[in-house]
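Structure first, commentary second.
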Amino acid sequence: MSTLITGARPYGEDAADILVEDGRIAAIGASLSVPGADVVDAAGLVALPGLVDLHTHLREPGREDAETVETGSRAAALGGYTAVHAMANTDPVADTAGVVEQVWRLGQEAGLVDVVPVGAVTVGLRGERLAELGAMADSAARVRVFSDDGHCVADPALMRRALEYVKALDGVVAQHAEEPRLTVGAQMHEGDRSARLGLTGWPAAAEEAIIARDVLLADHVGARLHVCHVSTAGSVEILRWAKSRGVQVTAEVTPHHLLLTDECAEGYDPVFKVNPPLRTDADVEALRAGLAEGVIDAVATDHAPHAVEDKETEWAHARPGMLGLEQALSVVVATMLETGRLDWRGVADRMSTRPAAIGRLDGRGLEAHGRPLAPGEPANLLLLDPGARAVVDPAALASRSRNSPYAGRELPGRVVATFLRGVPTVLDGKAQK
Ligand SMILES: NC(=O)N[C@@H](CC(=O)O)C(=O)O
Ligand SMILES: [Zn+2]
Ligand SMILES: [Zn+2]
């Protein structure tokens with residue numbers, strides 16, 4: 001089976017044809033012609049490697065009313081993703097080989113993206129004792145990223161032991177950095193605005209204190225640490241310091257923290273309630289600069305679907321979290337590309353290459369992700385119309401939930417097609433399954 005993608009602009013550069021055969025890129029060049037190949041006209045479209053998300057909540061098992069592996073996979077493919085890491089805060093929690101294998105199999109069955117399960121660090125995310133990390137690593141799901149996301153591994157001795165265990169598995173602990181004693185009852189970013197709105201604040205220091213502690217622990221035991229959804233200027237400074245000292249730390253920022261601020265809380269619309277909270281203009285500026293510089297390695301969505309009854313309620317009772325998969329690339333185009341902070345290669349690096357490397361998905365086999373657009377590599381790629389602009393309509397999303405913070409906002413860039421190992425999962429902007 002061969003497909004010829006004609007006139008695409010790899011990494012936004014000169015137009016070329018891309019020939020796909022047997023799941024791999026067979027050739028990239030001018031005026032390729034292959035009798036019998038399916039032709040996809042990509043004139044004017046930017047071709048990028050398939051995106052890799054380090055941080056997706058798929059809600060299955062347990063909250064299939066909010067999202068399933070299948071609906072989340074469809075949302076991911078429509079967003080240009082070919083692999084997503086499925087967070088462990090499901091019900092039951094993904095803290096055993098059995099649960100991670102179940103999620104991995106559901107991903108295979110849906111067949112729209114590679115669903116890579118994240119394993120919980122502690123049993124039940126309770127922060128008391130370590131889960132069966134080795135069994136999850138050795139399972140069919142081959143877990144390499146471990147996280148209690150939703151909760152912080154707050155006990156420093158337990159965090160140290162987790163780092164030591166996961167190091168032996170060539171894995172990484174992805175920390176949700178939130179000192180719980182500093183965020184009791186927290187509703188939004190702590191500052192002038194939280195005081196005025198009468199909502200309990202979530203201070204920047206609650207995030208920064210854990211990141212500072214964890215980079216010291218990671219340095220001490222020589223382990224890899226990944227920091228989830230970095231949201232403050234101070235966190236970027238700590239990461240810059242740690243990296244300059246050679247600490248093996250990586251970090252991600254979400255699209256919403258690159259675009260939105262605590263001003264969104266003014267209308268008390270819980271769609272903007274999220275952990276960590278939306279911060280200030282100065283934080284957004286520091287996050288964009290940190291991502292451009294590479295101190296922040298990756299964009300990760302923290303796609304967090306919630307059912308209507310959990311979200312459309314009074315602010316204080318609403319669950320934190322917002323959708324991200326279908327608009328992530330558009331938000332990065334708006335905040336990083338159109339502002340001149342990253343070029344297309346930079347976007348590919350932060351949304352595909354580096355996240356794949358952090359999750360150890362960047363091997364040499366056909367199952368690899370985050371590989372460059374080059375002959376011989378797996379044909380995981382997306383085609384984007386960079387000039388298209390559209391207003392986000394939550395009713396049109398593939399996600400089973402509707403809690404998009406971008407509703408009614410005009411964003412640039414439309415994913416026209418996505419290919420997973422040469423098979424189109426999205427064509428003409430429509431999911432193929
Ligand atoms: N980001 C959120 O506000 N919520 C996430 C959990 C998390 O990422 O901490 C969720 O699972 O809903
Ligand atoms: Zn989190
Ligand atoms: Zn999360």
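Ligands are numbered from 1 in the order shown, residues from 1 within each chain, and chains are lettered A, B, ... in the order they appear in the structure tokens.
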
Review point. Which neighbours of Asn275 of chain A fall inside 9 Å, counting only C-alpha atoms, when residues of the same chain fewer than 5 positions from it are skipped, and could you give them as a PyMOL selection string?
Key: chain A and resi 150+187-188+229+320-321

Could you turn the residues from that selection into a file that holds N, CA and C atoms, as an mmCIF file, in the first residue's frame?
```cif
data_model
loop_
_atom_site.group_PDB
_atom_site.id
_atom_site.type_symbol
_atom_site.label_atom_id
_atom_site.label_comp_id
_atom_site.auth_asym_id
_atom_site.auth_seq_id
_atom_site.Cartn_x
_atom_site.Cartn_y
_atom_site.Cartn_z
ATOM 1 N N GLY A 150 -2.693 14.780 39.297
ATOM 2 C CA GLY A 150 -3.940 15.052 40.014
ATOM 3 C C GLY A 150 -3.573 15.247 41.477
ATOM 4 N N GLN A 187 -8.643 27.795 44.840
ATOM 5 C CA GLN A 187 -9.584 27.889 43.719
ATOM 6 C C GLN A 187 -8.990 28.536 42.479
ATOM 7 N N MET A 188 -8.019 29.437 42.684
ATOM 8 C CA MET A 188 -7.423 30.148 41.541
ATOM 9 C C MET A 188 -6.063 30.690 41.977
ATOM 10 N N HIS A 229 2.920 20.360 33.734
ATOM 11 C CA HIS A 229 2.221 21.654 33.653
ATOM 12 C C HIS A 229 2.824 22.791 34.496
ATOM 13 N N PRO A 320 -11.515 20.842 38.608
ATOM 14 C CA PRO A 320 -10.513 21.559 37.817
ATOM 15 C C PRO A 320 -10.135 20.762 36.564
ATOM 16 N N GLY A 321 -9.841 21.463 35.476
ATOM 17 C CA GLY A 321 -9.364 20.807 34.269
ATOM 18 C C GLY A 321 -10.087 21.306 33.045
#
```

Point to revise | segment 25-39 of chain A environment, 12 Å, only C-alpha atoms, sequence neighbours closer than 5 positions dropped, as a ChimeraX atom specification | key: /A:1-10,14-20,47,49,366,371-381,419-424,427

Selection to disk with N, CA and C atoms, as a short mmCIF file (atom, residue, chain, number, x, y, z; two decimals), in the first residue's frame:
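Written out: selection_9.cif:
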```
data_model
loop_
_atom_site.label_atom_id
_atom_site.label_comp_id
_atom_site.auth_asym_id
_atom_site.auth_seq_id
_atom_site.Cartn_x
_atom_site.Cartn_y
_atom_site.Cartn_z
N MET A 1 0.84 -1.20 0.00
CA MET A 1 0.00 0.00 0.00
C MET A 1 0.87 1.24 0.00
N SER A 2 0.71 2.12 -1.00
CA SER A 2 1.51 3.35 -0.98
C SER A 2 0.64 4.58 -1.17
N THR A 3 1.09 5.66 -0.53
CA THR A 3 0.39 6.94 -0.58
C THR A 3 1.39 8.00 -0.98
N LEU A 4 0.98 8.85 -1.91
CA LEU A 4 1.84 9.95 -2.32
C LEU A 4 1.19 11.26 -1.87
N ILE A 5 1.89 11.95 -0.97
CA ILE A 5 1.41 13.25 -0.47
C ILE A 5 2.13 14.31 -1.30
N THR A 6 1.35 15.05 -2.09
CA THR A 6 2.01 15.96 -3.04
C THR A 6 1.99 17.41 -2.59
N GLY A 7 3.12 18.07 -2.80
CA GLY A 7 3.21 19.52 -2.62
C GLY A 7 3.21 20.01 -1.19
N ALA A 8 3.49 19.13 -0.23
CA ALA A 8 3.51 19.55 1.18
C ALA A 8 4.79 20.32 1.47
N ARG A 9 4.76 21.11 2.52
CA ARG A 9 5.96 21.85 2.94
C ARG A 9 6.47 21.27 4.26
N PRO A 10 7.43 20.32 4.20
CA PRO A 10 7.96 19.74 5.43
C PRO A 10 8.57 20.83 6.31
N ASP A 14 10.53 24.30 1.72
CA ASP A 14 10.15 24.16 0.31
C ASP A 14 9.23 22.97 0.05
N ALA A 15 8.31 23.17 -0.88
CA ALA A 15 7.35 22.12 -1.20
C ALA A 15 8.05 20.86 -1.70
N ALA A 16 7.51 19.71 -1.29
CA ALA A 16 8.06 18.42 -1.72
C ALA A 16 6.95 17.38 -1.68
N ASP A 17 7.17 16.29 -2.40
CA ASP A 17 6.24 15.17 -2.32
C ASP A 17 6.78 14.19 -1.28
N ILE A 18 5.87 13.54 -0.58
CA ILE A 18 6.26 12.56 0.45
C ILE A 18 5.62 11.23 0.06
N LEU A 19 6.46 10.25 -0.19
CA LEU A 19 5.96 8.92 -0.55
C LEU A 19 5.97 8.03 0.69
N VAL A 20 4.82 7.44 0.94
CA VAL A 20 4.66 6.57 2.11
C VAL A 20 4.42 5.14 1.64
N ALA A 47 3.83 20.16 6.61
CA ALA A 47 3.93 18.79 7.13
C ALA A 47 4.84 18.79 8.35
N PRO A 49 6.06 16.18 11.92
CA PRO A 49 5.97 14.84 12.52
C PRO A 49 4.73 14.75 13.40
N LEU A 366 9.32 0.40 13.96
CA LEU A 366 8.17 1.01 13.28
C LEU A 366 7.20 1.62 14.29
N ARG A 371 10.12 10.89 15.52
CA ARG A 371 11.25 10.79 14.58
C ARG A 371 11.10 11.89 13.52
N PRO A 372 12.21 12.27 12.89
CA PRO A 372 12.11 13.33 11.87
C PRO A 372 11.37 12.88 10.62
N LEU A 373 10.93 13.85 9.83
CA LEU A 373 10.36 13.54 8.52
C LEU A 373 11.54 13.26 7.60
N ALA A 374 11.81 11.98 7.39
CA ALA A 374 12.97 11.58 6.58
C ALA A 374 12.75 10.16 6.09
N PRO A 375 13.34 9.82 4.92
CA PRO A 375 13.20 8.46 4.40
C PRO A 375 13.64 7.41 5.41
N GLY A 376 12.85 6.35 5.50
CA GLY A 376 13.17 5.26 6.41
C GLY A 376 12.47 5.36 7.76
N GLU A 377 11.97 6.55 8.08
CA GLU A 377 11.33 6.75 9.38
C GLU A 377 9.85 6.34 9.31
N PRO A 378 9.26 5.96 10.47
CA PRO A 378 7.83 5.66 10.48
C PRO A 378 7.02 6.85 9.96
N ALA A 379 5.99 6.56 9.16
CA ALA A 379 5.19 7.65 8.56
C ALA A 379 4.13 8.13 9.52
N ASN A 380 4.58 8.78 10.59
CA ASN A 380 3.69 9.46 11.54
C ASN A 380 3.81 10.94 11.26
N LEU A 381 2.76 11.53 10.72
CA LEU A 381 2.87 12.94 10.36
C LEU A 381 1.50 13.58 10.28
N PHE A 419 -1.48 11.02 9.80
CA PHE A 419 -1.15 9.65 9.37
C PHE A 419 -0.45 8.93 10.51
N LEU A 420 -0.94 7.73 10.83
CA LEU A 420 -0.30 6.88 11.84
C LEU A 420 0.28 5.67 11.10
N ARG A 421 1.61 5.57 11.08
CA ARG A 421 2.31 4.52 10.32
C ARG A 421 1.74 4.38 8.90
N GLY A 422 1.55 5.56 8.29
CA GLY A 422 1.13 5.59 6.89
C GLY A 422 -0.36 5.51 6.67
N VAL A 423 -1.12 5.19 7.71
CA VAL A 423 -2.57 5.05 7.55
C VAL A 423 -3.23 6.37 7.98
N PRO A 424 -4.08 6.95 7.11
CA PRO A 424 -4.72 8.20 7.52
C PRO A 424 -5.72 7.97 8.65
N LEU A 427 -8.51 12.75 7.50
CA LEU A 427 -8.39 13.25 6.12
C LEU A 427 -9.44 14.33 5.93
#
```

Exercise for review: Based on DSSP run over this structure's backbone, return all residues of segment 247-354 of chain A in strand (DSSP E), as a ChimeraX atom specification.
Suggested key: /A:249-253,298-299

Revision key, fill the gap. One residue among A:Glu21, A:Glu109, A:Glu67, A:Asp114 is nearest to ligand 1 when using only C-alpha atoms and all ligand atoms, and that residue is A:Glu67

Exercise for review: Using only C-alpha atoms and all ligand atoms, find each protein or nucleic acid residue lying at most 8 Å from ligand 2; present the set as a list of chain:residue names.
Suggested key: A:Asp149, A:Gly150, A:His151, A:Cys152, A:Gln175, A:His176, A:Ala177, A:Cys228, A:His229, A:Asn275, A:Pro276, A:Asp302

Store the residues picked out above in a file with C-alpha atoms, as a short mmCIF file (atom, residue, chain, number, x, y, z; two decimals), in the first residue's frame.
```
data_model
loop_
_atom_site.label_atom_id
_atom_site.label_comp_id
_atom_site.auth_asym_id
_atom_site.auth_seq_id
_atom_site.Cartn_x
_atom_site.Cartn_y
_atom_site.Cartn_z
CA ASP A 149 -0.93 13.42 38.45
CA GLY A 150 -3.94 15.05 40.01
CA HIS A 151 -1.97 14.60 43.23
CA CYS A 152 1.57 15.54 44.19
CA GLN A 175 5.50 15.23 39.14
CA HIS A 176 2.34 17.28 39.64
CA ALA A 177 4.14 19.96 41.66
CA CYS A 228 4.08 18.49 34.69
CA HIS A 229 2.22 21.65 33.65
CA ASN A 275 -4.79 22.94 38.33
CA PRO A 276 -2.34 24.55 38.43
CA ASP A 302 -3.25 18.13 30.22
#
```

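Of the listed residues A:Leu217, A:Val247, A:Ala94, A:Ala334, the one whose atoms come nearest to Asp155 of chain A is A:Leu217, with distances taken using only C-alpha atoms.
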
**Study point:** Nearest to Ala75 of chain A by atom-to-atom distance, counting only C-alpha atoms, from A:Glu326, A:Asp310, A:Glu190, A:Glu237
**Key:**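 Closest to Ala75 of chain A of all the choices is A:Glu326.
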
Review point. What are the DSSP helix (DSSP H, G or I) residues of segment 29-162 of chain A, as number ranges by chain?
Key: A: 69-78, 97-110, 123-125, 133-138, 156-162

Point to revise | Pick from A:His57, A:Arg126, A:Arg144, A:His303, whichever lies nearest to Lys167 of chain A using only C-alpha atoms | key: A:Arg144

Check your understanding: Pick the closest to Pro405 of chain A from A:Gly107, A:Gly324, A:Pro117, A:Pro355: which is it, counting only C-alpha atoms?
Key ->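 Looking only at the distances to Pro405 of chain A, the closest residue turns out to be A:Gly324.
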
**Study point:** Contacts of Val100 of chain A at 8 Å (only C-alpha atoms; same-chain gap of 3+ positions) as a list in words
**Key:** Ala94, Asp95, Thr96, Ala97, Val103, Trp104, Pro117, Val118, Gly119, Met136, Ser139, Ala141 and Val143 of chain A

So that I have them on file, write out the residues from the current selection with C-alpha atoms, as a compact mmCIF listing (two decimals), in the first residue's frame.
```txt
# COMPACT_ATOMS: atom_id res chain seq x y z
CA ALA A 94 -3.63 2.61 36.69
CA ASP A 95 -1.34 1.30 39.42
CA THR A 96 -1.05 -2.34 38.30
CA ALA A 97 0.13 -4.19 35.20
CA VAL A 103 -5.75 0.87 28.67
CA TRP A 104 -3.03 -0.07 26.18
CA PRO A 117 -0.27 4.32 29.60
CA VAL A 118 1.30 6.24 32.46
CA GLY A 119 1.66 4.20 35.64
CA MET A 136 4.04 -2.02 34.88
CA SER A 139 3.97 -5.34 31.01
CA ALA A 141 2.17 -1.52 27.95
CA VAL A 143 5.36 1.90 31.00
```

Do you know which residues are at most 9 Å from Gly222 of chain A counting only C-alpha atoms, after dropping those on the same chain fewer than 2 positions away, and could you put them as a JSON list (two decimals) with N, CA and C atoms, in the first residue's frame?
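Ended up saving to out.json:
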```json
[["chain", "number", "residue", "atom", "x", "y", "z"],
["A", 163, "LEU", "N", 12.07, 7.99, 42.64],
["A", 163, "LEU", "CA", 13.10, 8.37, 41.67],
["A", 163, "LEU", "C", 14.14, 7.26, 41.53],
["A", 164, "GLU", "N", 14.51, 6.65, 42.65],
["A", 164, "GLU", "CA", 15.52, 5.58, 42.61],
["A", 164, "GLU", "C", 15.00, 4.35, 41.84],
["A", 167, "LYS", "N", 14.51, 5.13, 38.05],
["A", 167, "LYS", "CA", 15.81, 5.24, 37.38],
["A", 167, "LYS", "C", 16.26, 3.86, 36.88],
["A", 217, "LEU", "N", 16.46, 16.45, 44.76],
["A", 217, "LEU", "CA", 16.38, 14.99, 44.95],
["A", 217, "LEU", "C", 16.84, 14.25, 43.70],
["A", 218, "ALA", "N", 16.41, 14.72, 42.53],
["A", 218, "ALA", "CA", 16.79, 14.06, 41.28],
["A", 218, "ALA", "C", 18.31, 14.14, 41.08],
["A", 219, "ASP", "N", 18.88, 15.27, 41.44],
["A", 219, "ASP", "CA", 20.33, 15.44, 41.35],
["A", 219, "ASP", "C", 21.02, 14.47, 42.31],
["A", 220, "HIS", "N", 20.51, 14.39, 43.51],
["A", 220, "HIS", "CA", 21.13, 13.57, 44.55],
["A", 220, "HIS", "C", 21.15, 12.10, 44.15],
["A", 224, "ARG", "N", 16.06, 10.72, 36.48],
["A", 224, "ARG", "CA", 15.34, 11.66, 35.63],
["A", 224, "ARG", "C", 14.06, 12.11, 36.32],
["A", 247, "VAL", "N", 21.31, 18.83, 36.16],
["A", 247, "VAL", "CA", 20.26, 17.95, 36.69],
["A", 247, "VAL", "C", 19.44, 17.41, 35.51],
["A", 248, "GLN", "N", 19.10, 16.11, 35.59],
["A", 248, "GLN", "CA", 18.31, 15.49, 34.50],
["A", 248, "GLN", "C", 16.84, 15.80, 34.71]]
```
